[in-house]
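> Data file work12.pdb (PDB, C-alpha atoms and all ligand atoms) is appended below.
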```pdb
ATOM      1  CA  MET I  22     118.020 125.765 101.329  1.00  0.00           C
ATOM      2  CA  LYS I  23     115.473 123.171 100.364  1.00  0.00           C
ATOM      3  CA  ILE I  24     115.307 121.413  97.015  1.00  0.00           C
ATOM      4  CA  PHE I  25     112.003 120.422  95.471  1.00  0.00           C
ATOM      5  CA  LEU I  26     111.575 118.385  92.296  1.00  0.00           C
ATOM      6  CA  ASP I  27     109.424 120.051  89.675  1.00  0.00           C
ATOM      7  CA  THR I  28     107.677 117.038  88.216  1.00  0.00           C
ATOM      8  CA  ALA I  29     104.649 114.756  88.393  1.00  0.00           C
ATOM      9  CA  ARG I  30     106.593 111.743  87.095  1.00  0.00           C
ATOM     10  CA  ILE I  31     106.681 108.881  89.572  1.00  0.00           C
ATOM     11  CA  ASP I  32     109.772 107.340  87.925  1.00  0.00           C
ATOM     12  CA  GLU I  33     111.714 110.590  88.308  1.00  0.00           C
ATOM     13  CA  VAL I  34     110.801 110.936  91.975  1.00  0.00           C
ATOM     14  CA  LYS I  35     111.678 107.283  92.660  1.00  0.00           C
ATOM     15  CA  GLN I  36     115.018 107.814  90.990  1.00  0.00           C
ATOM     16  CA  TRP I  37     115.936 110.774  93.224  1.00  0.00           C
ATOM     17  CA  VAL I  38     114.246 110.122  96.537  1.00  0.00           C
ATOM     18  CA  ASP I  39     117.063 107.908  97.897  1.00  0.00           C
ATOM     19  CA  THR I  40     119.684 110.599  97.362  1.00  0.00           C
ATOM     20  CA  GLY I  41     118.298 112.418 100.391  1.00  0.00           C
ATOM     21  CA  LEU I  42     118.243 115.669  98.422  1.00  0.00           C
ATOM     22  CA  VAL I  43     114.533 115.919  97.748  1.00  0.00           C
ATOM     23  CA  ASP I  44     112.600 118.016 100.268  1.00  0.00           C
ATOM     24  CA  GLY I  45     109.331 118.237  98.357  1.00  0.00           C
ATOM     25  CA  ILE I  46     107.643 118.334  94.969  1.00  0.00           C
ATOM     26  CA  THR I  47     105.925 120.940  92.867  1.00  0.00           C
ATOM     27  CA  THR I  48     103.467 119.760  90.260  1.00  0.00           C
ATOM     28  CA  ASN I  49     101.407 121.828  87.866  1.00  0.00           C
ATOM     29  CA  PRO I  50      98.583 121.086  85.413  1.00  0.00           C
ATOM     30  CA  SER I  51     101.069 120.755  82.550  1.00  0.00           C
ATOM     31  CA  HIS I  52     103.098 118.125  84.416  1.00  0.00           C
ATOM     32  CA  LEU I  53      99.991 116.213  85.499  1.00  0.00           C
ATOM     33  CA  SER I  54      98.436 116.329  82.037  1.00  0.00           C
ATOM     34  CA  THR I  55     101.307 114.182  80.729  1.00  0.00           C
ATOM     35  CA  GLN I  56     100.701 111.435  83.305  1.00  0.00           C
ATOM     36  CA  GLY I  57      97.344 109.999  82.260  1.00  0.00           C
ATOM     37  CA  ASP I  58      93.783 110.382  83.409  1.00  0.00           C
ATOM     38  CA  GLN I  59      94.170 109.786  87.132  1.00  0.00           C
ATOM     39  CA  PRO I  60      95.802 112.916  88.598  1.00  0.00           C
ATOM     40  CA  THR I  61      94.461 112.169  92.076  1.00  0.00           C
ATOM     41  CA  GLN I  62      96.198 108.787  92.057  1.00  0.00           C
ATOM     42  CA  ILE I  63      99.430 110.362  90.898  1.00  0.00           C
ATOM     43  CA  ILE I  64      99.304 112.776  93.826  1.00  0.00           C
ATOM     44  CA  ALA I  65      98.631 109.869  96.206  1.00  0.00           C
ATOM     45  CA  GLN I  66     101.639 107.993  94.824  1.00  0.00           C
ATOM     46  CA  LEU I  67     103.859 111.051  95.114  1.00  0.00           C
ATOM     47  CA  SER I  68     102.714 111.488  98.733  1.00  0.00           C
ATOM     48  CA  GLN I  69     103.623 107.873  99.487  1.00  0.00           C
ATOM     49  CA  LEU I  70     107.077 108.310  98.005  1.00  0.00           C
ATOM     50  CA  LEU I  71     107.726 111.431 100.071  1.00  0.00           C
ATOM     51  CA  PRO I  72     105.692 111.126 103.266  1.00  0.00           C
ATOM     52  CA  ASN I  73     105.462 114.334 105.299  1.00  0.00           C
ATOM     53  CA  LYS I  74     107.163 116.374 102.589  1.00  0.00           C
ATOM     54  CA  PRO I  75     105.272 119.214 100.885  1.00  0.00           C
ATOM     55  CA  ILE I  76     103.697 118.435  97.540  1.00  0.00           C
ATOM     56  CA  SER I  77     102.263 121.406  95.671  1.00  0.00           C
ATOM     57  CA  VAL I  78      99.138 120.744  93.636  1.00  0.00           C
ATOM     58  CA  GLN I  79      97.599 123.480  91.511  1.00  0.00           C
ATOM     59  CA  VAL I  80      93.921 124.393  91.228  1.00  0.00           C
ATOM     60  CA  THR I  81      92.429 123.933  87.769  1.00  0.00           C
ATOM     61  CA  GLU I  82      89.137 125.767  88.286  1.00  0.00           C
ATOM     62  CA  HIS I  83      88.794 129.417  87.244  1.00  0.00           C
ATOM     63  CA  GLU I  84      85.737 131.014  88.819  1.00  0.00           C
ATOM     64  CA  PRO I  85      86.833 132.266  92.285  1.00  0.00           C
ATOM     65  CA  GLU I  86      84.340 130.321  94.430  1.00  0.00           C
ATOM     66  CA  ALA I  87      85.068 127.166  92.435  1.00  0.00           C
ATOM     67  CA  VAL I  88      88.791 127.772  93.007  1.00  0.00           C
ATOM     68  CA  TYR I  89      88.096 128.162  96.733  1.00  0.00           C
ATOM     69  CA  LYS I  90      86.167 124.871  96.923  1.00  0.00           C
ATOM     70  CA  GLN I  91      88.688 123.022  94.811  1.00  0.00           C
ATOM     71  CA  ALA I  92      91.528 124.382  96.967  1.00  0.00           C
ATOM     72  CA  HIS I  93      89.914 122.837 100.050  1.00  0.00           C
ATOM     73  CA  ALA I  94      89.327 119.549  98.215  1.00  0.00           C
ATOM     74  CA  ILE I  95      92.986 119.481  97.128  1.00  0.00           C
ATOM     75  CA  ALA I  96      94.159 120.270 100.674  1.00  0.00           C
ATOM     76  CA  ARG I  97      92.144 117.302 101.941  1.00  0.00           C
ATOM     77  CA  LEU I  98      94.226 114.951  99.747  1.00  0.00           C
ATOM     78  CA  GLY I  99      96.828 114.819 102.508  1.00  0.00           C
ATOM     79  CA  PRO I 100      98.408 116.613 105.453  1.00  0.00           C
ATOM     80  CA  SER I 101     101.421 117.817 103.484  1.00  0.00           C
ATOM     81  CA  ILE I 102      99.588 118.927 100.385  1.00  0.00           C
ATOM     82  CA  VAL I 103     100.160 122.570  99.476  1.00  0.00           C
ATOM     83  CA  VAL I 104      97.625 124.264  97.219  1.00  0.00           C
ATOM     84  CA  LYS I 105      99.028 126.205  94.315  1.00  0.00           C
ATOM     85  CA  ILE I 106      96.985 129.218  93.241  1.00  0.00           C
ATOM     86  CA  PRO I 107      97.883 131.544  90.359  1.00  0.00           C
ATOM     87  CA  CYS I 108      98.716 135.103  91.397  1.00  0.00           C
ATOM     88  CA  LYS I 109      95.626 136.708  89.855  1.00  0.00           C
ATOM     89  CA  ARG I 110      93.796 139.640  91.426  1.00  0.00           C
ATOM     90  CA  GLU I 111      90.431 137.857  91.399  1.00  0.00           C
ATOM     91  CA  TYR I 112      91.907 135.202  93.718  1.00  0.00           C
ATOM     92  CA  TYR I 113      93.394 137.569  96.307  1.00  0.00           C
ATOM     93  CA  SER I 114      90.463 137.354  98.721  1.00  0.00           C
ATOM     94  CA  ILE I 115      90.367 133.578  98.334  1.00  0.00           C
ATOM     95  CA  ILE I 116      94.067 133.298  99.092  1.00  0.00           C
ATOM     96  CA  GLY I 117      93.515 135.360 102.264  1.00  0.00           C
ATOM     97  CA  ARG I 118      90.562 133.174 103.300  1.00  0.00           C
ATOM     98  CA  LEU I 119      92.417 129.930 102.675  1.00  0.00           C
ATOM     99  CA  VAL I 120      95.416 131.147 104.667  1.00  0.00           C
ATOM    100  CA  GLU I 121      93.152 132.097 107.579  1.00  0.00           C
ATOM    101  CA  GLU I 122      91.567 128.656 107.414  1.00  0.00           C
ATOM    102  CA  GLY I 123      94.953 126.984 107.728  1.00  0.00           C
ATOM    103  CA  VAL I 124      95.410 125.846 104.128  1.00  0.00           C
ATOM    104  CA  LEU I 125      99.045 125.957 102.989  1.00  0.00           C
ATOM    105  CA  VAL I 126      99.113 128.108  99.860  1.00  0.00           C
ATOM    106  CA  ASN I 127     101.854 128.304  97.230  1.00  0.00           C
ATOM    107  CA  VAL I 128     101.132 131.330  95.060  1.00  0.00           C
ATOM    108  CA  THR I 129     102.338 130.478  91.584  1.00  0.00           C
ATOM    109  CA  LEU I 130     102.992 132.468  88.403  1.00  0.00           C
ATOM    110  CA  VAL I 131     104.542 135.332  90.344  1.00  0.00           C
ATOM    111  CA  PHE I 132     106.534 137.700  88.149  1.00  0.00           C
ATOM    112  CA  THR I 133     107.024 140.994  89.993  1.00  0.00           C
ATOM    113  CA  LEU I 134     108.210 142.414  93.298  1.00  0.00           C
ATOM    114  CA  GLU I 135     104.798 143.973  93.849  1.00  0.00           C
ATOM    115  CA  GLN I 136     102.953 140.683  93.386  1.00  0.00           C
ATOM    116  CA  SER I 137     105.400 139.128  95.845  1.00  0.00           C
ATOM    117  CA  LEU I 138     104.741 141.830  98.429  1.00  0.00           C
ATOM    118  CA  PHE I 139     100.975 141.450  98.098  1.00  0.00           C
ATOM    119  CA  MET I 140     101.178 137.674  98.549  1.00  0.00           C
ATOM    120  CA  CYS I 141     103.398 138.075 101.604  1.00  0.00           C
ATOM    121  CA  LYS I 142     100.813 140.455 103.071  1.00  0.00           C
ATOM    122  CA  LEU I 143      98.121 137.840 102.492  1.00  0.00           C
ATOM    123  CA  GLY I 144     100.200 135.282 104.384  1.00  0.00           C
ATOM    124  CA  ALA I 145     101.013 132.862 101.563  1.00  0.00           C
ATOM    125  CA  HIS I 146     103.192 130.003 102.769  1.00  0.00           C
ATOM    126  CA  TYR I 147     105.263 130.059  99.571  1.00  0.00           C
ATOM    127  CA  ILE I 148     105.610 132.445  96.658  1.00  0.00           C
ATOM    128  CA  SER I 149     106.922 131.044  93.386  1.00  0.00           C
ATOM    129  CA  PRO I 150     108.534 133.648  91.126  1.00  0.00           C
ATOM    130  CA  PHE I 151     109.018 132.167  87.654  1.00  0.00           C
ATOM    131  CA  ILE I 152     112.521 132.922  86.427  1.00  0.00           C
ATOM    132  CA  GLY I 153     112.758 131.095  83.108  1.00  0.00           C
ATOM    133  CA  ARG I 154     109.559 132.600  81.772  1.00  0.00           C
ATOM    134  CA  TRP I 155     111.038 136.095  82.208  1.00  0.00           C
ATOM    135  CA  ASP I 156     114.094 134.899  80.318  1.00  0.00           C
ATOM    136  CA  ASP I 157     111.785 133.685  77.541  1.00  0.00           C
ATOM    137  CA  LEU I 158     110.930 137.378  77.089  1.00  0.00           C
ATOM    138  CA  ASP I 159     114.623 138.299  77.001  1.00  0.00           C
ATOM    139  CA  VAL I 160     114.575 139.766  80.508  1.00  0.00           C
ATOM    140  CA  ASP I 161     117.049 138.586  83.168  1.00  0.00           C
ATOM    141  CA  GLY I 162     114.508 136.874  85.418  1.00  0.00           C
ATOM    142  CA  SER I 163     116.880 135.949  88.218  1.00  0.00           C
ATOM    143  CA  GLN I 164     117.329 139.605  89.330  1.00  0.00           C
ATOM    144  CA  ILE I 165     113.855 139.572  90.867  1.00  0.00           C
ATOM    145  CA  LEU I 166     114.980 136.958  93.386  1.00  0.00           C
ATOM    146  CA  TYR I 167     117.388 139.379  95.095  1.00  0.00           C
ATOM    147  CA  ARG I 168     114.720 142.053  95.374  1.00  0.00           C
ATOM    148  CA  ILE I 169     112.110 139.671  96.757  1.00  0.00           C
ATOM    149  CA  ARG I 170     114.609 138.329  99.327  1.00  0.00           C
ATOM    150  CA  ALA I 171     115.385 141.861 100.492  1.00  0.00           C
ATOM    151  CA  MET I 172     111.681 142.732 100.677  1.00  0.00           C
ATOM    152  CA  ILE I 173     110.818 139.644 102.759  1.00  0.00           C
ATOM    153  CA  ASP I 174     113.732 140.279 105.128  1.00  0.00           C
ATOM    154  CA  THR I 175     113.042 144.004 105.437  1.00  0.00           C
ATOM    155  CA  TYR I 176     109.417 143.523 106.441  1.00  0.00           C
ATOM    156  CA  HIS I 177     109.945 140.265 108.333  1.00  0.00           C
ATOM    157  CA  TYR I 178     107.333 138.288 106.424  1.00  0.00           C
ATOM    158  CA  ASN I 179     107.046 134.558 107.090  1.00  0.00           C
ATOM    159  CA  THR I 180     106.465 133.653 103.438  1.00  0.00           C
ATOM    160  CA  GLN I 181     109.070 131.331 101.939  1.00  0.00           C
ATOM    161  CA  LEU I 182     110.720 132.298  98.679  1.00  0.00           C
ATOM    162  CA  LEU I 183     110.530 129.400  96.228  1.00  0.00           C
ATOM    163  CA  ALA I 184     112.471 129.977  93.006  1.00  0.00           C
ATOM    164  CA  ALA I 185     110.583 128.326  90.140  1.00  0.00           C
ATOM    165  CA  SER I 186     110.901 127.911  86.401  1.00  0.00           C
ATOM    166  CA  LEU I 187     114.651 127.336  86.714  1.00  0.00           C
ATOM    167  CA  ARG I 188     115.951 125.996  83.442  1.00  0.00           C
ATOM    168  CA  HIS I 189     119.754 125.951  83.646  1.00  0.00           C
ATOM    169  CA  MET I 190     122.742 126.229  85.971  1.00  0.00           C
ATOM    170  CA  ARG I 191     122.912 130.013  85.759  1.00  0.00           C
ATOM    171  CA  HIS I 192     119.425 130.171  87.257  1.00  0.00           C
ATOM    172  CA  LEU I 193     120.383 127.797  90.039  1.00  0.00           C
ATOM    173  CA  HIS I 194     123.520 129.786  90.884  1.00  0.00           C
ATOM    174  CA  ALA I 195     121.490 132.993  91.024  1.00  0.00           C
ATOM    175  CA  ALA I 196     118.853 131.393  93.249  1.00  0.00           C
ATOM    176  CA  ILE I 197     121.519 130.239  95.718  1.00  0.00           C
ATOM    177  CA  ALA I 198     123.257 133.633  95.643  1.00  0.00           C
ATOM    178  CA  ALA I 199     119.933 135.383  96.243  1.00  0.00           C
ATOM    179  CA  ARG I 200     119.419 133.224  99.373  1.00  0.00           C
ATOM    180  CA  VAL I 201     116.082 131.798  98.331  1.00  0.00           C
ATOM    181  CA  ASP I 202     114.474 129.366 100.778  1.00  0.00           C
ATOM    182  CA  ILE I 203     113.707 126.730  98.162  1.00  0.00           C
ATOM    183  CA  VAL I 204     114.494 125.913  94.558  1.00  0.00           C
ATOM    184  CA  THR I 205     112.245 123.663  92.538  1.00  0.00           C
ATOM    185  CA  LEU I 206     114.226 121.881  89.854  1.00  0.00           C
ATOM    186  CA  PRO I 207     113.380 119.849  86.799  1.00  0.00           C
ATOM    187  CA  VAL I 208     115.201 116.519  86.973  1.00  0.00           C
ATOM    188  CA  THR I 209     117.380 117.481  84.007  1.00  0.00           C
ATOM    189  CA  LEU I 210     118.794 120.387  86.011  1.00  0.00           C
ATOM    190  CA  LEU I 211     119.327 118.310  89.151  1.00  0.00           C
ATOM    191  CA  GLU I 212     121.152 115.737  87.018  1.00  0.00           C
ATOM    192  CA  GLN I 213     123.374 118.459  85.646  1.00  0.00           C
ATOM    193  CA  ALA I 214     124.028 119.998  89.054  1.00  0.00           C
ATOM    194  CA  THR I 215     124.948 116.710  90.724  1.00  0.00           C
ATOM    195  CA  GLY I 216     127.552 115.684  88.173  1.00  0.00           C
ATOM    196  CA  HIS I 217     130.872 117.174  87.138  1.00  0.00           C
ATOM    197  CA  LEU I 218     133.380 116.145  84.452  1.00  0.00           C
ATOM    198  CA  LEU I 219     136.335 116.984  86.672  1.00  0.00           C
ATOM    199  CA  THR I 220     134.954 114.895  89.536  1.00  0.00           C
ATOM    200  CA  ASP I 221     134.587 111.925  87.178  1.00  0.00           C
ATOM    201  CA  ALA I 222     138.014 112.458  85.641  1.00  0.00           C
ATOM    202  CA  GLY I 223     139.644 112.854  89.068  1.00  0.00           C
ATOM    203  CA  ASP I 224     137.943 109.734  90.382  1.00  0.00           C
ATOM    204  CA  LYS I 225     139.128 107.760  87.359  1.00  0.00           C
ATOM    205  CA  LYS I 226     142.732 108.935  87.852  1.00  0.00           C
ATOM    206  CA  PHE I 227     142.731 108.065  91.584  1.00  0.00           C
ATOM    207  CA  THR I 228     141.392 104.605  90.718  1.00  0.00           C
ATOM    208  CA  GLN I 229     144.050 104.051  88.050  1.00  0.00           C
ATOM    209  CA  ASP I 230     146.826 105.155  90.421  1.00  0.00           C
ATOM    210  CA  TRP I 231     145.533 102.977  93.234  1.00  0.00           C
ATOM    211  CA  GLN I 232     145.476  99.937  90.969  1.00  0.00           C
ATOM    212  CA  LYS I 233     149.263 100.250  90.604  1.00  0.00           C
ATOM    213  CA  LEU I 234     149.483  98.966  94.194  1.00  0.00           C
ATOM    214  CA  SER I 235     148.219  95.561  93.124  1.00  0.00           C
ATOM    215  CA  GLY I 236     147.509  93.413  96.117  1.00  0.00           C
ATOM    216  CA  ALA I 237     147.707  96.068  98.850  1.00  0.00           C
ATOM    217  CA  ILE I 238     145.262  95.497 101.679  1.00  0.00           C
ATOM    218  CA  PHE I 239     143.804  98.743 102.897  1.00  0.00           C
ATOM    219  CA  PRO I 240     142.994  99.640 105.593  1.00  0.00           C
TER
HETATM  220  C1  LIG E 301     106.846 125.640  89.483  1.00  0.00           C
HETATM  221  O1  LIG E 301     106.117 125.508  90.430  1.00  0.00           O
HETATM  222  C2  LIG E 301     106.446 125.373  88.094  1.00  0.00           C
HETATM  223  O2  LIG E 301     105.826 124.124  88.061  1.00  0.00           O
HETATM  224  C3  LIG E 301     107.606 125.315  87.145  1.00  0.00           C
HETATM  225  O3  LIG E 301     108.823 125.676  87.759  1.00  0.00           O
HETATM  226  C4  LIG E 301     107.363 125.973  85.841  1.00  0.00           C
HETATM  227  O4  LIG E 301     108.514 125.895  85.044  1.00  0.00           O
HETATM  228  P1  LIG E 301     108.507 126.250  83.486  1.00  0.00           P
HETATM  229  O5  LIG E 301     108.382 127.719  83.338  1.00  0.00           O
HETATM  230  O6  LIG E 301     109.835 125.738  82.997  1.00  0.00           O
HETATM  231  O7  LIG E 301     107.353 125.502  82.896  1.00  0.00           O
END
```
Can you turn what I pasted into structure tokens?


Amino acid sequence: MKIFLDTARIDEVKQWVDTGLVDGITTNPSHLSTQGDQPTQIIAQLSQLLPNKPISVQVTEHEPEAVYKQAHAIARLGPSIVVKIPCKREYYSIIGRLVEEGVLVNVTLVFTLEQSLFMCKLGAHYISPFIGRWDDLDVDGSQILYRIRAMIDTYHYNTQLLAASLRHMRHLHAAIAARVDIVTLPVTLLEQATGHLLTDAGDKKFTQDWQKLSGAIFP
């Protein structure tokens, strides 16, 4: 399973890139809007930090032909740029065209099994079901992941299942259990998942015990 960071913050990516855990990045207009007036430069910096790793960048246009043109312009930003397109019916034909033209497409804002099936049929490289936003509506969003996994496996689609909008550990556990291909995590969640009180307490106890051997040379 791959792990992407869900952020446009350079400092966050720098902080995590050396761990060897980060396989890619997903940005979105909300993330980029917090990082100043030069989104193209931010994408270039992210690409430098993670060369050859997929970086998803979302279209911001709305009219279908403008979305199509912008998608190509975004794809030209680099060889590992993936274009994120919202899962709206008016973009279906564009998604199909872009896929045929070799653009890597991450269909975002996916909420249902049916939307997932349609995007698999169109050949999307990734589909991003949003789990947390279902939970915001008091619906258990993670259940959709199991159904999408089964659908992709049943029909042998090549689309990768990218669990998005994960907000807490329960979401991450469900995504792993549902055998998703990728999770995209906010840094706060990765921080939580990579630490454990019992690991820290155990490490402290081993250190204290070892110090009782004052002077031992080992190995
Ligand atoms: C994923 O591609 C999205 O950027 C992200 O996961 C959205 O998460 P949110 O619903 O917490 O904003």

> From the options I:Pro75, I:Met190, I:Ile115, I:Ile169, which residue's atoms come nearest to Glu212 in chain I, counting all atoms listed in the file?

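Nearest candidate to Glu212 in chain I out of I:Pro75, I:Met190, I:Ile115, I:Ile169: I:Met190.
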
> Pull out every residue that the PyMOL selection byres (((chain I and resi 181) around 9) and not hetatm) matches in the shown coordinates and put them as a CSV table (one decimal) with C-alpha atoms, keeping the file's coordinate frame.


```csv
chain,number,residue,atom,x,y,z
I,141,CYS,CA,103.4,138.1,101.6
I,145,ALA,CA,101.0,132.9,101.6
I,146,HIS,CA,103.2,130.0,102.8
I,147,TYR,CA,105.3,130.1,99.6
I,148,ILE,CA,105.6,132.4,96.7
I,149,SER,CA,106.9,131.0,93.4
I,173,ILE,CA,110.8,139.6,102.8
I,178,TYR,CA,107.3,138.3,106.4
I,179,ASN,CA,107.0,134.6,107.1
I,180,THR,CA,106.5,133.7,103.4
I,182,LEU,CA,110.7,132.3,98.7
I,183,LEU,CA,110.5,129.4,96.2
I,201,VAL,CA,116.1,131.8,98.3
I,202,ASP,CA,114.5,129.4,100.8
I,203,ILE,CA,113.7,126.7,98.2
```

> Would you work out the distance separating CA of Ser54 in chain I from CA of Val80 in chain I, expressed in Å to one decimal?

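Interatomic distance, CA of Ser54 in chain I to CA of Val80 in chain I: 13.0 Å.
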
> Between I:Glu86, I:Asp224, I:Asp174, I:Asp156, single out the one closest to ligand LIG 301 (chain E), counting all atoms listed in the file.

I:Asp156

> Can you list what the PyMOL selection byres (((chain I and resi 29) around 7) and not hetatm) grabs from this structure, as an NGL selection string?

:I and (28 or 30-31 or 48 or 52-53)

> Taking all atoms listed in the file into account, which of I:Val43, I:Ile76, I:Leu206, I:Ala237 comes nearest ligand LIG 301 (chain E)?

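Once distances to ligand LIG 301 (chain E) are computed over all atoms listed in the file, the minimum belongs to I:Leu206.
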
> Enumerate residues in contact with ligand LIG 301 (chain E): an atom-to-atom distance of at most 8 Å, counting only C-alpha atoms and all ligand atoms. Format the result as a PDB file with C-alpha atoms, keeping the file's coordinate frame.


```
ATOM      1  CA  ASP I  27     109.424 120.051  89.675  1.00  0.00           C
ATOM      2  CA  THR I  28     107.677 117.038  88.216  1.00  0.00           C
ATOM      3  CA  THR I  47     105.925 120.940  92.867  1.00  0.00           C
ATOM      4  CA  THR I  48     103.467 119.760  90.260  1.00  0.00           C
ATOM      5  CA  ASN I  49     101.407 121.828  87.866  1.00  0.00           C
ATOM      6  CA  SER I  51     101.069 120.755  82.550  1.00  0.00           C
ATOM      7  CA  HIS I  52     103.098 118.125  84.416  1.00  0.00           C
ATOM      8  CA  SER I  77     102.263 121.406  95.671  1.00  0.00           C
ATOM      9  CA  THR I 129     102.338 130.478  91.584  1.00  0.00           C
ATOM     10  CA  LEU I 130     102.992 132.468  88.403  1.00  0.00           C
ATOM     11  CA  SER I 149     106.922 131.044  93.386  1.00  0.00           C
ATOM     12  CA  PHE I 151     109.018 132.167  87.654  1.00  0.00           C
ATOM     13  CA  ILE I 152     112.521 132.922  86.427  1.00  0.00           C
ATOM     14  CA  GLY I 153     112.758 131.095  83.108  1.00  0.00           C
ATOM     15  CA  ARG I 154     109.559 132.600  81.772  1.00  0.00           C
ATOM     16  CA  ALA I 184     112.471 129.977  93.006  1.00  0.00           C
ATOM     17  CA  ALA I 185     110.583 128.326  90.140  1.00  0.00           C
ATOM     18  CA  SER I 186     110.901 127.911  86.401  1.00  0.00           C
ATOM     19  CA  LEU I 187     114.651 127.336  86.714  1.00  0.00           C
ATOM     20  CA  ARG I 188     115.951 125.996  83.442  1.00  0.00           C
ATOM     21  CA  THR I 205     112.245 123.663  92.538  1.00  0.00           C
ATOM     22  CA  LEU I 206     114.226 121.881  89.854  1.00  0.00           C
ATOM     23  CA  PRO I 207     113.380 119.849  86.799  1.00  0.00           C
TER      24      PRO I 207
END
```

> Report, in Å to a single decimal, how far apart CA of Gly123 in chain I and CA of Ile95 in chain I are.

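These two atoms are separated by 13.1 Å.
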
> Which is closer to Asp32 in chain I than all the others in I:Gln59, I:Gln91, I:Ser114, I:Gln66, using all atoms listed in the file?

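Among the listed residues, I:Gln66 lies closest to Asp32 in chain I.
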
> Given 3 Å of margin on each side, can you work out the centre and size in Å (one decimal) of an axis-aligned box holding every listed atom of range 225-233 of chain I, as AutoDock Vina command-line options?


```
--center_x 144.2 --center_y 104.4 --center_z 90.3 --size_x 16.1 --size_y 15.0 --size_z 11.9
```

> Compare I:Gln79, I:Ser101, I:Thr209, I:Gln229 by their minimum atom-to-atom distance to Gly45 in chain I, counting only C-alpha atoms, and give me the closest one.

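Between I:Gln79, I:Ser101, I:Thr209, I:Gln229, the residue approaching Gly45 in chain I most closely is I:Ser101.
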
> Please identify all polymer residues within 10 Å of Phe139 in chain I, counting all atoms listed in the file, omitting same-chain residues fewer than 4 positions from it, and present them as JSON, numbers by chain.

{"I": [108, 110, 113, 134, 135, 143, 144, 145]}

> Do you have the CA of Leu125 in chain I-CA of Leu166 in chain I distance handy?

21.6 Å

> So, counting all atoms listed in the file, which residue among I:Pro240, I:Lys233, I:Ala222, I:Ser163 is closest to Ile197 in chain I?

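Of I:Pro240, I:Lys233, I:Ala222, I:Ser163, the one nearest Ile197 in chain I, counting all atoms listed in the file, is I:Ser163.
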
> Using all atoms listed in the file, give me every residue within 12 Å of (94.5, 120.7, 95.1) in file coordinates, as a ChimeraX atom specification.

/I:47-50,53,60-61,64-65,76-82,87-106,124-127

> Name the residues in contact with Glu111 in chain I at a cut-off of 10 Å, using all atoms listed in the file, excluding same-chain residues fewer than 6 positions from it; report them as a PyMOL selection string.

chain I and resi 83-85

> May I have the selected residues written with C-alpha atoms, as a short mmCIF file (atom, residue, chain, number, x, y, z; two decimals), in the frame of the given file?


```
data_model
loop_
_atom_site.label_atom_id
_atom_site.label_comp_id
_atom_site.auth_asym_id
_atom_site.auth_seq_id
_atom_site.Cartn_x
_atom_site.Cartn_y
_atom_site.Cartn_z
CA HIS I 83 88.79 129.42 87.24
CA GLU I 84 85.74 131.01 88.82
CA PRO I 85 86.83 132.27 92.28
#
```
